[in-house]
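Student: Dropping in query-v1.pdb, which is PDB, C-alpha atoms, pLDDT in the B column:
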```
ATOM      1  CA  MET X1102       0.000   0.000   0.000  1.00 38.00           C
ATOM      2  CA  ALA X1103       1.395   3.374  -0.988  1.00 38.00           C
ATOM      3  CA  ALA X1104       1.813   5.761   1.905  1.00 38.00           C
ATOM      4  CA  ALA X1105      -0.367   8.821   1.750  1.00 40.00           C
ATOM      5  CA  ARG X1106       1.929  11.778   1.316  1.00 38.00           C
ATOM      6  CA  ARG X1107       0.705  14.916   2.985  1.00 40.00           C
ATOM      7  CA  PRO X1108       1.016  17.819   0.595  1.00 39.00           C
ATOM      8  CA  GLY X1109       2.112  21.190   1.732  1.00 41.00           C
ATOM      9  CA  THR X1110       5.182  22.840   0.412  1.00 34.00           C
ATOM     10  CA  VAL X1111       6.515  19.543  -0.928  1.00 41.00           C
ATOM     11  CA  THR X1112       7.685  19.764  -4.510  1.00 43.00           C
ATOM     12  CA  ASP X1113       9.657  17.598  -6.839  1.00 47.00           C
ATOM     13  CA  THR X1114      12.867  19.625  -6.791  1.00 43.00           C
ATOM     14  CA  SER X1115      13.929  18.355 -10.202  1.00 46.00           C
ATOM     15  CA  THR X1116      10.843  19.894 -11.859  1.00 49.00           C
ATOM     16  CA  ASP X1117       9.403  22.273  -9.221  1.00 56.00           C
ATOM     17  CA  THR X1118       6.134  20.350  -9.611  1.00 58.00           C
ATOM     18  CA  PRO X1119       3.922  20.120  -6.509  1.00 66.00           C
ATOM     19  CA  VAL X1120       3.613  16.602  -5.130  1.00 78.00           C
ATOM     20  CA  ILE X1121      -0.090  15.806  -5.081  1.00 88.00           C
ATOM     21  CA  PRO X1122      -1.017  12.510  -3.426  1.00 89.00           C
ATOM     22  CA  VAL X1123      -2.614   9.733  -5.425  1.00 89.00           C
ATOM     23  CA  ALA X1124      -4.719   6.760  -4.393  1.00 87.00           C
ATOM     24  CA  GLU X1125      -3.230   3.314  -4.224  1.00 88.00           C
ATOM     25  CA  GLY X1126      -2.470   1.924  -7.673  1.00 91.00           C
ATOM     26  CA  GLU X1127      -2.554   5.287  -9.441  1.00 91.00           C
ATOM     27  CA  ASP X1128       0.382   6.788 -11.300  1.00 92.00           C
ATOM     28  CA  PRO X1129       1.838  10.001  -9.892  1.00 93.00           C
ATOM     29  CA  TRP X1130       0.635  13.299 -11.318  1.00 93.00           C
ATOM     30  CA  THR X1131       2.605  14.681 -14.228  1.00 93.00           C
ATOM     31  CA  ALA X1132       3.263  18.396 -14.629  1.00 92.00           C
ATOM     32  CA  GLU X1133       0.981  18.408 -17.689  1.00 94.00           C
ATOM     33  CA  GLU X1134      -1.885  16.752 -15.796  1.00 94.00           C
ATOM     34  CA  LEU X1135      -1.550  19.236 -12.957  1.00 94.00           C
ATOM     35  CA  ALA X1136      -1.541  22.132 -15.411  1.00 94.00           C
ATOM     36  CA  GLU X1137      -4.722  20.760 -17.023  1.00 94.00           C
ATOM     37  CA  VAL X1138      -6.503  20.432 -13.666  1.00 95.00           C
ATOM     38  CA  ARG X1139      -5.494  23.934 -12.603  1.00 95.00           C
ATOM     39  CA  ALA X1140      -6.586  25.385 -15.948  1.00 96.00           C
ATOM     40  CA  GLU X1141      -9.924  23.609 -15.607  1.00 95.00           C
ATOM     41  CA  LEU X1142     -10.423  25.097 -12.139  1.00 96.00           C
ATOM     42  CA  VAL X1143      -9.559  28.594 -13.384  1.00 97.00           C
ATOM     43  CA  ASP X1144     -11.997  28.158 -16.295  1.00 96.00           C
ATOM     44  CA  GLU X1145     -14.688  26.890 -13.927  1.00 95.00           C
ATOM     45  CA  VAL X1146     -14.282  29.931 -11.655  1.00 96.00           C
ATOM     46  CA  ALA X1147     -14.647  32.270 -14.639  1.00 96.00           C
ATOM     47  CA  ARG X1148     -17.639  30.323 -15.989  1.00 95.00           C
ATOM     48  CA  MET X1149     -19.427  30.383 -12.625  1.00 94.00           C
ATOM     49  CA  GLU X1150     -18.755  34.108 -12.192  1.00 95.00           C
ATOM     50  CA  ARG X1151     -20.386  34.717 -15.612  1.00 94.00           C
ATOM     51  CA  ALA X1152     -23.308  32.414 -14.733  1.00 90.00           C
ATOM     52  CA  ILE X1153     -23.916  34.347 -11.515  1.00 91.00           C
ATOM     53  CA  LEU X1154     -23.920  37.676 -13.347  1.00 91.00           C
ATOM     54  CA  ILE X1155     -26.412  36.345 -15.905  1.00 90.00           C
ATOM     55  CA  ALA X1156     -28.677  34.791 -13.270  1.00 86.00           C
ATOM     56  CA  GLU X1157     -28.639  37.958 -11.177  1.00 87.00           C
ATOM     57  CA  ALA X1158     -29.470  40.082 -14.235  1.00 88.00           C
ATOM     58  CA  GLU X1159     -32.371  37.768 -15.095  1.00 84.00           C
ATOM     59  CA  LEU X1160     -33.597  37.903 -11.509  1.00 82.00           C
ATOM     60  CA  GLU X1161     -33.356  41.689 -11.433  1.00 85.00           C
ATOM     61  CA  GLU X1162     -35.396  41.870 -14.652  1.00 83.00           C
ATOM     62  CA  LEU X1163     -38.032  39.510 -13.250  1.00 77.00           C
ATOM     63  CA  LEU X1164     -38.303  41.545 -10.063  1.00 77.00           C
ATOM     64  CA  ARG X1165     -38.524  44.801 -12.003  1.00 78.00           C
ATOM     65  CA  ASP X1166     -41.260  43.420 -14.282  1.00 70.00           C
ATOM     66  CA  ALA X1167     -43.217  41.840 -11.426  1.00 63.00           C
ATOM     67  CA  GLY X1168     -44.904  45.065 -10.369  1.00 60.00           C
ATOM     68  CA  ASP X1169     -47.490  44.812  -7.640  1.00 56.00           C
ATOM     69  CA  GLY X1170     -49.575  42.171  -9.381  1.00 56.00           C
ATOM     70  CA  ALA X1171     -52.767  44.245  -9.217  1.00 57.00           C
ATOM     71  CA  GLY X1172     -55.057  43.434 -12.092  1.00 60.00           C
ATOM     72  CA  ARG X1173     -52.857  40.617 -13.330  1.00 67.00           C
ATOM     73  CA  ASP X1174     -54.173  37.171 -14.019  1.00 70.00           C
ATOM     74  CA  PRO X1175     -53.376  34.793 -11.111  1.00 69.00           C
ATOM     75  CA  ALA X1176     -51.785  32.350 -13.546  1.00 69.00           C
ATOM     76  CA  ASP X1177     -49.412  35.075 -14.742  1.00 68.00           C
ATOM     77  CA  VAL X1178     -48.485  35.933 -11.168  1.00 68.00           C
ATOM     78  CA  GLY X1179     -47.871  32.251 -10.398  1.00 74.00           C
ATOM     79  CA  SER X1180     -45.746  31.852 -13.511  1.00 76.00           C
ATOM     80  CA  SER X1181     -43.712  34.944 -12.615  1.00 74.00           C
ATOM     81  CA  ASN X1182     -43.187  33.658  -9.097  1.00 77.00           C
ATOM     82  CA  PHE X1183     -42.056  30.295 -10.448  1.00 83.00           C
ATOM     83  CA  GLU X1184     -39.570  31.953 -12.827  1.00 81.00           C
ATOM     84  CA  ARG X1185     -38.238  34.155 -10.021  1.00 80.00           C
ATOM     85  CA  ASP X1186     -37.767  31.156  -7.715  1.00 84.00           C
ATOM     86  CA  GLN X1187     -36.055  29.228 -10.484  1.00 84.00           C
ATOM     87  CA  GLU X1188     -33.629  32.096 -11.192  1.00 82.00           C
ATOM     88  CA  MET X1189     -32.893  32.450  -7.475  1.00 85.00           C
ATOM     89  CA  SER X1190     -32.150  28.719  -7.299  1.00 87.00           C
ATOM     90  CA  LEU X1191     -29.862  28.874 -10.352  1.00 85.00           C
ATOM     91  CA  ALA X1192     -27.970  31.836  -8.908  1.00 86.00           C
ATOM     92  CA  GLN X1193     -27.528  30.078  -5.561  1.00 90.00           C
ATOM     93  CA  ASN X1194     -26.338  26.889  -7.246  1.00 90.00           C
ATOM     94  CA  ALA X1195     -23.819  28.874  -9.294  1.00 90.00           C
ATOM     95  CA  ARG X1196     -22.569  30.610  -6.124  1.00 93.00           C
ATOM     96  CA  GLU X1197     -22.059  27.239  -4.406  1.00 94.00           C
ATOM     97  CA  MET X1198     -20.182  25.846  -7.401  1.00 93.00           C
ATOM     98  CA  LEU X1199     -18.074  29.006  -7.523  1.00 95.00           C
ATOM     99  CA  ASP X1200     -17.219  28.623  -3.836  1.00 95.00           C
ATOM    100  CA  GLN X1201     -16.213  24.980  -4.396  1.00 94.00           C
ATOM    101  CA  SER X1202     -14.075  25.853  -7.407  1.00 95.00           C
ATOM    102  CA  GLN X1203     -12.383  28.750  -5.613  1.00 96.00           C
ATOM    103  CA  LEU X1204     -11.642  26.514  -2.617  1.00 95.00           C
ATOM    104  CA  ALA X1205     -10.140  23.807  -4.832  1.00 94.00           C
ATOM    105  CA  LEU X1206      -8.035  26.388  -6.673  1.00 94.00           C
ATOM    106  CA  ARG X1207      -6.845  27.881  -3.376  1.00 94.00           C
ATOM    107  CA  LEU X1208      -5.930  24.396  -2.084  1.00 92.00           C
ATOM    108  CA  PHE X1209      -4.124  23.692  -5.344  1.00 93.00           C
ATOM    109  CA  ASP X1210      -2.112  26.903  -5.111  1.00 91.00           C
ATOM    110  CA  GLN X1211      -1.304  26.272  -1.433  1.00 89.00           C
ATOM    111  CA  GLY X1212      -0.066  22.760  -2.179  1.00 87.00           C
ATOM    112  CA  GLU X1213      -2.884  21.123  -0.226  1.00 88.00           C
ATOM    113  CA  PHE X1214      -4.874  19.823  -3.197  1.00 92.00           C
ATOM    114  CA  GLY X1215      -5.812  16.166  -3.382  1.00 94.00           C
ATOM    115  CA  VAL X1216      -6.204  15.384   0.323  1.00 94.00           C
ATOM    116  CA  CYS X1217      -9.616  14.530   1.780  1.00 93.00           C
ATOM    117  CA  GLU X1218     -10.700  17.259   4.181  1.00 92.00           C
ATOM    118  CA  MET X1219     -12.436  14.659   6.355  1.00 93.00           C
ATOM    119  CA  CYS X1220     -10.003  11.750   6.714  1.00 94.00           C
ATOM    120  CA  GLY X1221      -6.739  13.101   5.310  1.00 93.00           C
ATOM    121  CA  THR X1222      -6.227  10.331   2.755  1.00 94.00           C
ATOM    122  CA  PRO X1223      -5.627  10.991  -0.949  1.00 94.00           C
ATOM    123  CA  ILE X1224      -8.794  11.847  -2.845  1.00 94.00           C
ATOM    124  CA  GLY X1225      -7.474  10.027  -5.875  1.00 92.00           C
ATOM    125  CA  LYS X1226      -6.157  11.197  -9.193  1.00 93.00           C
ATOM    126  CA  ALA X1227      -8.990   9.654 -11.212  1.00 92.00           C
ATOM    127  CA  ARG X1228     -11.648  11.406  -9.102  1.00 94.00           C
ATOM    128  CA  LEU X1229      -9.882  14.757  -9.316  1.00 95.00           C
ATOM    129  CA  GLN X1230      -9.449  14.509 -13.066  1.00 93.00           C
ATOM    130  CA  VAL X1231     -13.202  14.018 -13.438  1.00 93.00           C
ATOM    131  CA  PHE X1232     -14.270  16.343 -10.611  1.00 93.00           C
ATOM    132  CA  PRO X1233     -11.438  18.751  -9.742  1.00 94.00           C
ATOM    133  CA  ARG X1234     -13.619  20.577  -7.174  1.00 94.00           C
ATOM    134  CA  ALA X1235     -13.658  17.474  -4.965  1.00 93.00           C
ATOM    135  CA  THR X1236     -12.390  18.055  -1.451  1.00 91.00           C
ATOM    136  CA  MET X1237     -13.382  14.634  -0.096  1.00 92.00           C
ATOM    137  CA  CYS X1238     -12.533  11.080  -1.043  1.00 93.00           C
ATOM    138  CA  VAL X1239     -15.364   8.931  -2.371  1.00 92.00           C
ATOM    139  CA  LYS X1240     -15.908   7.119   0.949  1.00 94.00           C
ATOM    140  CA  CYS X1241     -16.222  10.329   2.968  1.00 94.00           C
ATOM    141  CA  LYS X1242     -18.460  11.958   0.353  1.00 93.00           C
ATOM    142  CA  GLN X1243     -20.775   8.937   0.350  1.00 94.00           C
ATOM    143  CA  ARG X1244     -20.888   8.996   4.148  1.00 93.00           C
ATOM    144  CA  GLU X1245     -21.742  12.710   4.110  1.00 92.00           C
ATOM    145  CA  GLU X1246     -24.551  12.211   1.565  1.00 92.00           C
ATOM    146  CA  ARG X1247     -26.133   9.454   3.649  1.00 91.00           C
ATOM    147  CA  ARG X1248     -26.567  11.853   6.579  1.00 84.00           C
TER     148      ARG X1248
END
```
Could you show the structure in this file as structure tokens?
Tutor:
Amino acid sequence: MAAARRPGTVTDTSTDTPVIPVAEGEDPWTAEELAEVRAELVDEVARMERAILIAEAELEELLRDAGDGAGRDPADVGSSNFERDQEMSLAQNAREMLDQSQLALRLFDQGEFGVCEMCGTPIGKARLQVFPRATMCVKCKQREERR
């Protein structure tokens, strides 16, 4: 069993590449793979920031057009309320995804990326390549979702 290396300021001195832990049986991260993951996180932050701006603009427009509802058909009022709630939900979801992406990027830049925040074991290279925002290993995430 490969020992879980705790990241931090540990780097491969021959390449100045951060040492990110991997799960048992996985190959170590290459500099190219790390660059891809970081670029994906940066892109995700920018995409979520744009999504929030769009959702907030849509919400502002819905609120501005809502008026007081006097003389409006109840079905129109209900539809407007549904649209407003949907936009609020989309904006909140985008904010949560932005927070997750910013946290992962901060951990990456601090050399603490790839370690489960719950148990301290490696999250796993395969999981992080698919879901770079992950801050928990699969076991801990499953345990959290069962609660």
Student: Convert the output of the PyMOL selection byres ((chain X and resi 1208) around 12) on the shown file into explicit residues, formatted as a PyMOL selection string.
Tutor: chain X and resi 1108-1110+1119+1121+1139+1142+1201-1207+1209-1218+1233-1236
Student: Find the spatial neighbours of X:Ile1155, counting all atoms listed in the file, within a cut-off of 12 Å - ignore same-chain residues fewer than 2 positions away - and output them as a PDB file with C-alpha atoms, in the frame of the given file.
Tutor:
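New file result-v8.pdb:
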```pdb
ATOM      1  CA  ARG X1148     -17.639  30.323 -15.989  1.00 95.00           C
ATOM      2  CA  MET X1149     -19.427  30.383 -12.625  1.00 94.00           C
ATOM      3  CA  GLU X1150     -18.755  34.108 -12.192  1.00 95.00           C
ATOM      4  CA  ARG X1151     -20.386  34.717 -15.612  1.00 94.00           C
ATOM      5  CA  ALA X1152     -23.308  32.414 -14.733  1.00 90.00           C
ATOM      6  CA  ILE X1153     -23.916  34.347 -11.515  1.00 91.00           C
ATOM      7  CA  GLU X1157     -28.639  37.958 -11.177  1.00 87.00           C
ATOM      8  CA  ALA X1158     -29.470  40.082 -14.235  1.00 88.00           C
ATOM      9  CA  GLU X1159     -32.371  37.768 -15.095  1.00 84.00           C
ATOM     10  CA  LEU X1160     -33.597  37.903 -11.509  1.00 82.00           C
ATOM     11  CA  GLU X1161     -33.356  41.689 -11.433  1.00 85.00           C
ATOM     12  CA  GLU X1162     -35.396  41.870 -14.652  1.00 83.00           C
ATOM     13  CA  GLU X1188     -33.629  32.096 -11.192  1.00 82.00           C
ATOM     14  CA  MET X1189     -32.893  32.450  -7.475  1.00 85.00           C
ATOM     15  CA  LEU X1191     -29.862  28.874 -10.352  1.00 85.00           C
ATOM     16  CA  ALA X1192     -27.970  31.836  -8.908  1.00 86.00           C
ATOM     17  CA  ALA X1195     -23.819  28.874  -9.294  1.00 90.00           C
ATOM     18  CA  ARG X1196     -22.569  30.610  -6.124  1.00 93.00           C
TER      19      ARG X1196
END
```
Student: Can you spell out as a short mmCIF file (atom, residue, chain, number, x, y, z; two decimals) with C-alpha atoms, keeping the file's coordinate frame the set of residues that the PyMOL selection byres ((chain X and resi 1130-1135) around 10) selects in the structure I just provided?
Tutor:
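The file below, selection_20.cif, is the result:
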```cif
data_model
loop_
_atom_site.label_atom_id
_atom_site.label_comp_id
_atom_site.auth_asym_id
_atom_site.auth_seq_id
_atom_site.Cartn_x
_atom_site.Cartn_y
_atom_site.Cartn_z
CA THR X 1116 10.84 19.89 -11.86
CA ASP X 1117 9.40 22.27 -9.22
CA THR X 1118 6.13 20.35 -9.61
CA PRO X 1119 3.92 20.12 -6.51
CA VAL X 1120 3.61 16.60 -5.13
CA ILE X 1121 -0.09 15.81 -5.08
CA PRO X 1122 -1.02 12.51 -3.43
CA VAL X 1123 -2.61 9.73 -5.42
CA GLU X 1127 -2.55 5.29 -9.44
CA ASP X 1128 0.38 6.79 -11.30
CA PRO X 1129 1.84 10.00 -9.89
CA ALA X 1136 -1.54 22.13 -15.41
CA GLU X 1137 -4.72 20.76 -17.02
CA VAL X 1138 -6.50 20.43 -13.67
CA ARG X 1139 -5.49 23.93 -12.60
CA ALA X 1140 -6.59 25.38 -15.95
CA GLU X 1141 -9.92 23.61 -15.61
CA PHE X 1209 -4.12 23.69 -5.34
CA LYS X 1226 -6.16 11.20 -9.19
CA GLN X 1230 -9.45 14.51 -13.07
#
```
Student: Rounded to one decimal in Å, what is the spacing between atom CA of X:Leu1164 and atom CA of X:Asn1194?
Tutor: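 About the pair atom CA of X:Leu1164 and atom CA of X:Asn1194: they are 19.1 Å apart.
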Student: Which residue gives the smallest distance to X:Leu1154 among X:Phe1232, X:Lys1240, X:Ile1224, X:Leu1199, with only C-alpha atoms counted?
Tutor: X:Leu1199
Student: Go ahead and compute the interatomic distance for atom CA of X:Ala1124 and atom CA of X:Gln1243, in Å to one decimal.
Tutor: 16.9 Å
Student: Please indicate the distance in Å from atom CA of X:Glu1197 to atom CA of X:Pro1223, rounded to one decimal place.
Tutor: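 The value is 23.4 Å.
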Student: Mind filling out stretch 1204-1233 of chain X with N, CA and C atoms and sending it as a short mmCIF file (atom, residue, chain, number, x, y, z; two decimals), in the frame of the given file?
Tutor:
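To be explicit, this is the file written out as selection_5.cif:
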```
data_model
loop_
_atom_site.label_atom_id
_atom_site.label_comp_id
_atom_site.auth_asym_id
_atom_site.auth_seq_id
_atom_site.Cartn_x
_atom_site.Cartn_y
_atom_site.Cartn_z
N LEU X 1204 -12.31 27.26 -3.68
CA LEU X 1204 -11.64 26.51 -2.62
C LEU X 1204 -10.64 25.53 -3.21
N ALA X 1205 -11.04 24.78 -4.21
CA ALA X 1205 -10.14 23.81 -4.83
C ALA X 1205 -8.92 24.50 -5.44
N LEU X 1206 -9.14 25.64 -6.08
CA LEU X 1206 -8.04 26.39 -6.67
C LEU X 1206 -7.10 26.91 -5.58
N ARG X 1207 -7.66 27.39 -4.50
CA ARG X 1207 -6.84 27.88 -3.38
C ARG X 1207 -6.02 26.73 -2.78
N LEU X 1208 -6.65 25.56 -2.60
CA LEU X 1208 -5.93 24.40 -2.08
C LEU X 1208 -4.82 23.98 -3.04
N PHE X 1209 -5.12 24.04 -4.33
CA PHE X 1209 -4.12 23.69 -5.34
C PHE X 1209 -2.91 24.62 -5.23
N ASP X 1210 -3.19 25.92 -5.16
CA ASP X 1210 -2.11 26.90 -5.11
C ASP X 1210 -1.33 26.86 -3.80
N GLN X 1211 -1.97 26.39 -2.73
CA GLN X 1211 -1.30 26.27 -1.43
C GLN X 1211 -0.59 24.93 -1.27
N GLY X 1212 -0.71 24.06 -2.26
CA GLY X 1212 -0.07 22.76 -2.18
C GLY X 1212 -0.81 21.77 -1.31
N GLU X 1213 -2.10 22.01 -1.08
CA GLU X 1213 -2.88 21.12 -0.23
C GLU X 1213 -3.97 20.40 -1.01
N PHE X 1214 -3.89 20.43 -2.30
CA PHE X 1214 -4.87 19.82 -3.20
C PHE X 1214 -4.72 18.31 -3.17
N GLY X 1215 -5.85 17.61 -3.23
CA GLY X 1215 -5.81 16.17 -3.38
C GLY X 1215 -5.90 15.38 -2.10
N VAL X 1216 -6.09 16.06 -0.96
CA VAL X 1216 -6.20 15.38 0.32
C VAL X 1216 -7.62 15.57 0.85
N CYS X 1217 -8.25 14.49 1.25
CA CYS X 1217 -9.62 14.53 1.78
C CYS X 1217 -9.66 15.40 3.03
N GLU X 1218 -10.58 16.36 3.03
CA GLU X 1218 -10.70 17.26 4.18
C GLU X 1218 -11.28 16.56 5.41
N MET X 1219 -11.86 15.39 5.23
CA MET X 1219 -12.44 14.66 6.36
C MET X 1219 -11.45 13.68 6.98
N CYS X 1220 -10.84 12.83 6.16
CA CYS X 1220 -10.00 11.75 6.71
C CYS X 1220 -8.51 11.91 6.44
N GLY X 1221 -8.14 12.85 5.58
CA GLY X 1221 -6.74 13.10 5.31
C GLY X 1221 -6.07 12.15 4.34
N THR X 1222 -6.82 11.25 3.73
CA THR X 1222 -6.23 10.33 2.76
C THR X 1222 -6.30 10.97 1.36
N PRO X 1223 -5.55 10.44 0.40
CA PRO X 1223 -5.63 10.99 -0.95
C PRO X 1223 -7.03 10.84 -1.53
N ILE X 1224 -7.48 11.88 -2.19
CA ILE X 1224 -8.79 11.85 -2.84
C ILE X 1224 -8.74 10.90 -4.03
N GLY X 1225 -7.64 10.90 -4.71
CA GLY X 1225 -7.47 10.03 -5.88
C GLY X 1225 -7.39 10.83 -7.15
N LYS X 1226 -6.42 10.51 -7.92
CA LYS X 1226 -6.16 11.20 -9.19
C LYS X 1226 -7.34 11.07 -10.14
N ALA X 1227 -7.88 9.87 -10.27
CA ALA X 1227 -8.99 9.65 -11.21
C ALA X 1227 -10.19 10.52 -10.83
N ARG X 1228 -10.51 10.59 -9.55
CA ARG X 1228 -11.65 11.41 -9.10
C ARG X 1228 -11.40 12.88 -9.38
N LEU X 1229 -10.19 13.35 -9.11
CA LEU X 1229 -9.88 14.76 -9.32
C LEU X 1229 -9.82 15.14 -10.79
N GLN X 1230 -9.45 14.20 -11.63
CA GLN X 1230 -9.45 14.51 -13.07
C GLN X 1230 -10.87 14.67 -13.59
N VAL X 1231 -11.80 13.93 -13.02
CA VAL X 1231 -13.20 14.02 -13.44
C VAL X 1231 -13.91 15.16 -12.72
N PHE X 1232 -13.59 15.35 -11.44
CA PHE X 1232 -14.27 16.34 -10.61
C PHE X 1232 -13.22 17.10 -9.80
N PRO X 1233 -12.55 18.07 -10.42
CA PRO X 1233 -11.44 18.75 -9.74
C PRO X 1233 -11.85 19.56 -8.52
#
```
